[in-house]
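Below you'll find the structure, written out as C-alpha cells, and then a few comments.
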Amino acid sequence: MITVLSKQCKNCLSEKPLEKFEKTSKGYRLNTCSACRSKIKKIKNPEKARLYQKKSDQKRINSKKRKKQILSYKQNNPDISRNAAHKRRVAKYDGAHTPYTLKDIINTYGTLCYLCSEQIDFKANRKCGKDGWQVAFWVEHVLDISLGGKDNIENVKPSHAWCNLHKKDFQLGRISKNPYVLL
C-alpha cells in the first residue's frame with residue numbers, strides 16, 4: 001500500500017500537503033486546495049463573500065463585547081460568580097454545594113484566621129503576588145472538596161491566604177504562625 005503525503009491542486013497546479021485539501025463527508029480529499037477554494041468562492045459570488053466576512057467581523061466584535069460584559073458582571077456580583085464556580089468544582093467530586101456569601105462566613109466565624117488565630121487584613125489585595133496578599137482574606141475549606149468535603153457554611157472558615165496555602169504545614173506541626181502577620 002502506497003501512502004500519499006501530498007497532492008496537486010487542479011486549480012493552481014502546485015503540489016501541496018494533504019492537510020491543505022478539505023475532506024468531503026465521505027472522507028475523500030477535494031481536488032482544489034483550501035486557498036483556491038476560498039478564491040473561487042469570492043469570484044463566483046462576491047456579495048456572499050462580503051456578507052460572510054461582515055458576519056465574521058461582527059462575531060469577533062460581539063465576542064469582545066461579551067467578554068467585557070461577563071467580566072463586568074463578575075466584578076459587580078462576586079458572590080454569585082464565586083458560588084457558580086464553587087458549584088462547578090464541587091460537581092466534579094460529586095459533593096454538595098450550599099450557597100453562602102463572604103459576609104456569612106465573617107458573621108459566623110469572626111475575623112480571625114482559623115489556622116494561626118491572627119487578625120485578617122480585609123483591605124489587602126487577595127490576588128497572589130500582589131503586595132500584602134499573604135494576610136488577605138481567603139475562604140478555607142476545613143475538609144477539602146477534593147477529599148469529599150462539602151461546600152457549605154459549616155465546612156468553610158476564614159483564613160489568611162498564606163495560611164490557606166500552608167495548611168498542611170500547620171496540621172503537621174511544622175509551623176505554628178504565619179510569618180507575614182505583623183505583631
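Chain identifiers are assigned as A, B, and so on, following the order in which chains appear in the C-alpha cells; residues are numbered from 1 within each chain, and ligands are numbered from 1 in order of appearance.
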
Distance query Ser81 (chain A) at most 12 Å, only C-alpha atoms, self and fewer than 4 positions along chain excluded, as a PDB file with C-alpha atoms, in the first residue's frame:
```
ATOM      1  CA  ILE A  70     -19.033  38.853  31.652  1.00  0.00           C
ATOM      2  CA  LEU A  71     -16.069  40.488  33.394  1.00  0.00           C
ATOM      3  CA  SER A  72     -18.236  43.423  34.468  1.00  0.00           C
ATOM      4  CA  TYR A  73     -20.918  41.059  35.810  1.00  0.00           C
ATOM      5  CA  LYS A  74     -18.334  39.070  37.795  1.00  0.00           C
ATOM      6  CA  GLN A  75     -16.949  42.273  39.323  1.00  0.00           C
ATOM      7  CA  ASN A  76     -20.415  43.581  40.232  1.00  0.00           C
ATOM      8  CA  ASN A  77     -21.682  40.222  41.561  1.00  0.00           C
ATOM      9  CA  ALA A  85     -17.521  28.471  40.277  1.00  0.00           C
ATOM     10  CA  HIS A  86     -17.711  26.516  43.545  1.00  0.00           C
ATOM     11  CA  LYS A  87     -20.795  24.667  42.323  1.00  0.00           C
ATOM     12  CA  ARG A  88     -18.923  23.557  39.169  1.00  0.00           C
ATOM     13  CA  PRO A  99     -24.715  28.946  48.563  1.00  0.00           C
ATOM     14  CA  TYR A 100     -23.134  31.311  51.089  1.00  0.00           C
ATOM     15  CA  THR A 101     -21.602  34.774  50.980  1.00  0.00           C
TER      16      THR A 101
END
```

With only C-alpha atoms counted and 8 Å as the cut-off, give the residues of region 42-156 of chain A in contact with region 165-183 of chain A, each with its shortest interatomic distance in Å and the pair that gives it, as JSON lines.
```
{"residue": "A:Leu115", "atom": "CA", "partner": "A:Phe170", "partner_atom": "CA", "distance": 7.1}
{"residue": "A:Cys116", "atom": "CA", "partner": "A:Lys177", "partner_atom": "CA", "distance": 5.3}
{"residue": "A:Glu118", "atom": "CA", "partner": "A:Val181", "partner_atom": "CA", "distance": 7.3}
{"residue": "A:Gln134", "atom": "CA", "partner": "A:Tyr180", "partner_atom": "CA", "distance": 6.5}
{"residue": "A:Val135", "atom": "CA", "partner": "A:Val181", "partner_atom": "CA", "distance": 6.5}
```

Only N, CA and C atoms, please: the residues just picked out, written as a PDB file, in the first residue's frame.
```
ATOM      1  N   LEU A 115      -6.482  29.178  61.278  1.00  0.00           N
ATOM      2  CA  LEU A 115      -5.267  28.368  61.355  1.00  0.00           C
ATOM      3  C   LEU A 115      -4.222  28.966  62.308  1.00  0.00           C
ATOM      4  N   CYS A 116      -4.005  30.292  62.239  1.00  0.00           N
ATOM      5  CA  CYS A 116      -2.973  30.907  63.086  1.00  0.00           C
ATOM      6  C   CYS A 116      -3.562  31.820  64.164  1.00  0.00           C
ATOM      7  N   GLU A 118      -4.664  34.817  64.064  1.00  0.00           N
ATOM      8  CA  GLU A 118      -4.292  36.226  63.947  1.00  0.00           C
ATOM      9  C   GLU A 118      -5.357  36.970  63.136  1.00  0.00           C
ATOM     10  N   GLN A 134      -0.487  37.885  51.383  1.00  0.00           N
ATOM     11  CA  GLN A 134      -0.331  36.791  52.334  1.00  0.00           C
ATOM     12  C   GLN A 134      -1.290  36.897  53.520  1.00  0.00           C
ATOM     13  N   VAL A 135      -1.667  38.115  53.898  1.00  0.00           N
ATOM     14  CA  VAL A 135      -2.543  38.295  55.061  1.00  0.00           C
ATOM     15  C   VAL A 135      -3.975  38.644  54.660  1.00  0.00           C
TER      16      VAL A 135
END
```

Between CA of Gln8 (chain A) and CA of Glu22 (chain A) - distance in Å to one decimal: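 We find that CA of Glu22 (chain A) and CA of Gln8 (chain A) lie 13.1 Å from each other.
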
Residues of region 99-151 of chain A at most 6 Å from region 155-161 of chain A: nearest atom pair and distance in Å, only C-alpha atoms, as a Markdown table:
```
| residue | atom | partner | partner_atom | distance |
| --- | --- | --- | --- | --- |
| A:Cys113 | CA | A:Ser159 | CA | 4.1 |
| A:Tyr114 | CA | A:Ser159 | CA | 5.8 |
| A:Gln134 | CA | A:Ala161 | CA | 5.0 |
| A:Val135 | CA | A:His160 | CA | 4.8 |
| A:Ala136 | CA | A:His160 | CA | 5.4 |
| A:Phe137 | CA | A:His160 | CA | 5.2 |
| A:Trp138 | CA | A:Ala161 | CA | 5.3 |
| A:Val139 | CA | A:Pro158 | CA | 5.2 |
| A:Glu140 | CA | A:Lys157 | CA | 5.2 |
| A:His141 | CA | A:Val156 | CA | 4.5 |
| A:Val142 | CA | A:Asn155 | CA | 5.5 |
```

Any chance you can output those residues with N, CA and C atoms as an mmCIF file, in the first residue's frame?
```cif
data_model
loop_
_atom_site.group_PDB
_atom_site.id
_atom_site.type_symbol
_atom_site.label_atom_id
_atom_site.label_comp_id
_atom_site.auth_asym_id
_atom_site.auth_seq_id
_atom_site.Cartn_x
_atom_site.Cartn_y
_atom_site.Cartn_z
ATOM 1 N N CYS A 113 -8.031 34.420 61.592
ATOM 2 C CA CYS A 113 -7.664 33.266 60.784
ATOM 3 C C CYS A 113 -7.815 32.022 61.653
ATOM 4 N N TYR A 114 -8.495 31.030 61.167
ATOM 5 C CA TYR A 114 -8.744 29.855 61.994
ATOM 6 C C TYR A 114 -7.504 28.967 62.113
ATOM 7 N N GLN A 134 -0.487 37.885 51.383
ATOM 8 C CA GLN A 134 -0.331 36.791 52.334
ATOM 9 C C GLN A 134 -1.290 36.897 53.520
ATOM 10 N N VAL A 135 -1.667 38.115 53.898
ATOM 11 C CA VAL A 135 -2.543 38.295 55.061
ATOM 12 C C VAL A 135 -3.975 38.644 54.660
ATOM 13 N N ALA A 136 -4.275 38.530 53.380
ATOM 14 C CA ALA A 136 -5.620 38.843 52.885
ATOM 15 C C ALA A 136 -6.591 37.717 53.237
ATOM 16 N N PHE A 137 -7.876 38.011 53.126
ATOM 17 C CA PHE A 137 -8.950 37.060 53.454
ATOM 18 C C PHE A 137 -9.138 36.048 52.339
ATOM 19 N N TRP A 138 -9.023 34.777 52.706
ATOM 20 C CA TRP A 138 -9.331 33.679 51.794
ATOM 21 C C TRP A 138 -10.298 32.743 52.488
ATOM 22 N N VAL A 139 -11.090 32.073 51.705
ATOM 23 C CA VAL A 139 -12.026 31.078 52.241
ATOM 24 C C VAL A 139 -11.301 29.742 52.293
ATOM 25 N N GLU A 140 -11.271 29.143 53.458
ATOM 26 C CA GLU A 140 -10.582 27.871 53.675
ATOM 27 C C GLU A 140 -11.605 26.764 53.891
ATOM 28 N N HIS A 141 -11.521 25.709 53.098
ATOM 29 C CA HIS A 141 -12.375 24.544 53.318
ATOM 30 C C HIS A 141 -11.677 23.648 54.339
ATOM 31 N N VAL A 142 -12.326 23.408 55.460
ATOM 32 C CA VAL A 142 -11.728 22.604 56.528
ATOM 33 C C VAL A 142 -11.403 21.215 55.990
#
```

12 Å contact set for Tyr28 (chain A), only C-alpha atoms, chain neighbours under 6 positions out, as a list in words: Leu18, Glu19, Phe21 and Glu22 of chain A

Residue list (strand (DSSP E), DSSP) for chain A, as number ranges by chain: A: 6-8, 15-17, 137-141, 156-160

Atomic distance CA of Lys48 (chain A) - CA of Cys36 (chain A), expressed in Å with one decimal: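 About the pair CA of Lys48 (chain A) and CA of Cys36 (chain A): they are 16.6 Å apart.
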
Among the residues A:Ser63, A:Trp162, A:Cys12, A:Asp57, the one that comes closest to Gly129 (chain A) [using only C-alpha atoms]: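 Closest to Gly129 (chain A) of all the choices is A:Trp162.
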
Residue set, region 1-145 of chain A restricted to alpha helix (DSSP H), as a ChimeraX atom specification: /A:34-44,46-76,78-92,102-109

Those same residues, written as a short mmCIF file (atom, residue, chain, number, x, y, z; two decimals), in the first residue's frame with C-alpha atoms?
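That gives us selection17.cif:
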```
data_model
loop_
_atom_site.label_atom_id
_atom_site.label_comp_id
_atom_site.auth_asym_id
_atom_site.auth_seq_id
_atom_site.Cartn_x
_atom_site.Cartn_y
_atom_site.Cartn_z
CA SER A 34 -8.30 25.47 0.57
CA ALA A 35 -6.70 28.70 -0.68
CA CYS A 36 -8.01 28.19 -4.24
CA ARG A 37 -11.47 27.22 -2.97
CA SER A 38 -11.80 30.46 -1.00
CA LYS A 39 -10.66 32.48 -4.07
CA ILE A 40 -13.17 30.65 -6.29
CA LYS A 41 -16.00 31.31 -3.81
CA LYS A 42 -15.14 35.03 -3.76
CA ILE A 43 -15.02 35.22 -7.56
CA LYS A 44 -18.26 33.25 -8.12
CA PRO A 46 -18.57 38.31 -4.30
CA GLU A 47 -21.69 39.59 -2.49
CA LYS A 48 -21.97 36.39 -0.47
CA ALA A 49 -18.25 36.53 0.31
CA ARG A 50 -18.59 40.13 1.60
CA LEU A 51 -21.62 39.19 3.69
CA TYR A 52 -19.76 36.23 5.18
CA GLN A 53 -16.77 38.44 6.00
CA LYS A 54 -19.06 41.04 7.61
CA LYS A 55 -20.72 38.36 9.78
CA SER A 56 -17.32 37.03 10.77
CA ASP A 57 -16.15 40.52 11.77
CA GLN A 58 -19.37 41.09 13.71
CA LYS A 59 -18.92 37.82 15.64
CA ARG A 60 -15.40 38.86 16.59
CA ILE A 61 -16.64 42.27 17.82
CA ASN A 62 -19.55 40.69 19.69
CA SER A 63 -17.27 38.16 21.41
CA LYS A 64 -15.09 41.01 22.72
CA LYS A 65 -18.21 42.84 23.94
CA ARG A 66 -19.49 39.67 25.57
CA LYS A 67 -16.19 39.09 27.39
CA LYS A 68 -16.36 42.65 28.75
CA GLN A 69 -19.96 42.10 29.87
CA ILE A 70 -19.03 38.85 31.65
CA LEU A 71 -16.07 40.49 33.39
CA SER A 72 -18.24 43.42 34.47
CA TYR A 73 -20.92 41.06 35.81
CA LYS A 74 -18.33 39.07 37.79
CA GLN A 75 -16.95 42.27 39.32
CA ASN A 76 -20.42 43.58 40.23
CA PRO A 78 -18.69 38.49 43.19
CA ASP A 79 -20.75 36.21 45.45
CA ILE A 80 -22.89 34.90 42.58
CA SER A 81 -19.82 34.31 40.40
CA ARG A 82 -17.93 32.61 43.25
CA ASN A 83 -20.89 30.38 44.10
CA ALA A 84 -21.23 29.33 40.44
CA ALA A 85 -17.52 28.47 40.28
CA HIS A 86 -17.71 26.52 43.54
CA LYS A 87 -20.79 24.67 42.32
CA ARG A 88 -18.92 23.56 39.17
CA ARG A 89 -15.89 22.48 41.22
CA VAL A 90 -17.98 20.52 43.72
CA ALA A 91 -19.84 18.80 40.87
CA LYS A 92 -16.52 17.28 39.70
CA LEU A 102 -18.31 36.04 52.34
CA LYS A 103 -20.30 38.12 54.85
CA ASP A 104 -21.95 34.92 56.10
CA ILE A 105 -18.51 33.45 56.84
CA ILE A 106 -17.35 36.57 58.68
CA ASN A 107 -20.60 36.84 60.68
CA THR A 108 -20.44 33.15 61.63
CA TYR A 109 -16.73 32.73 62.43
#
```

CA of Cys33 (chain A) to CA of Cys9 (chain A), straight-line distance in Å: 5.7 Å
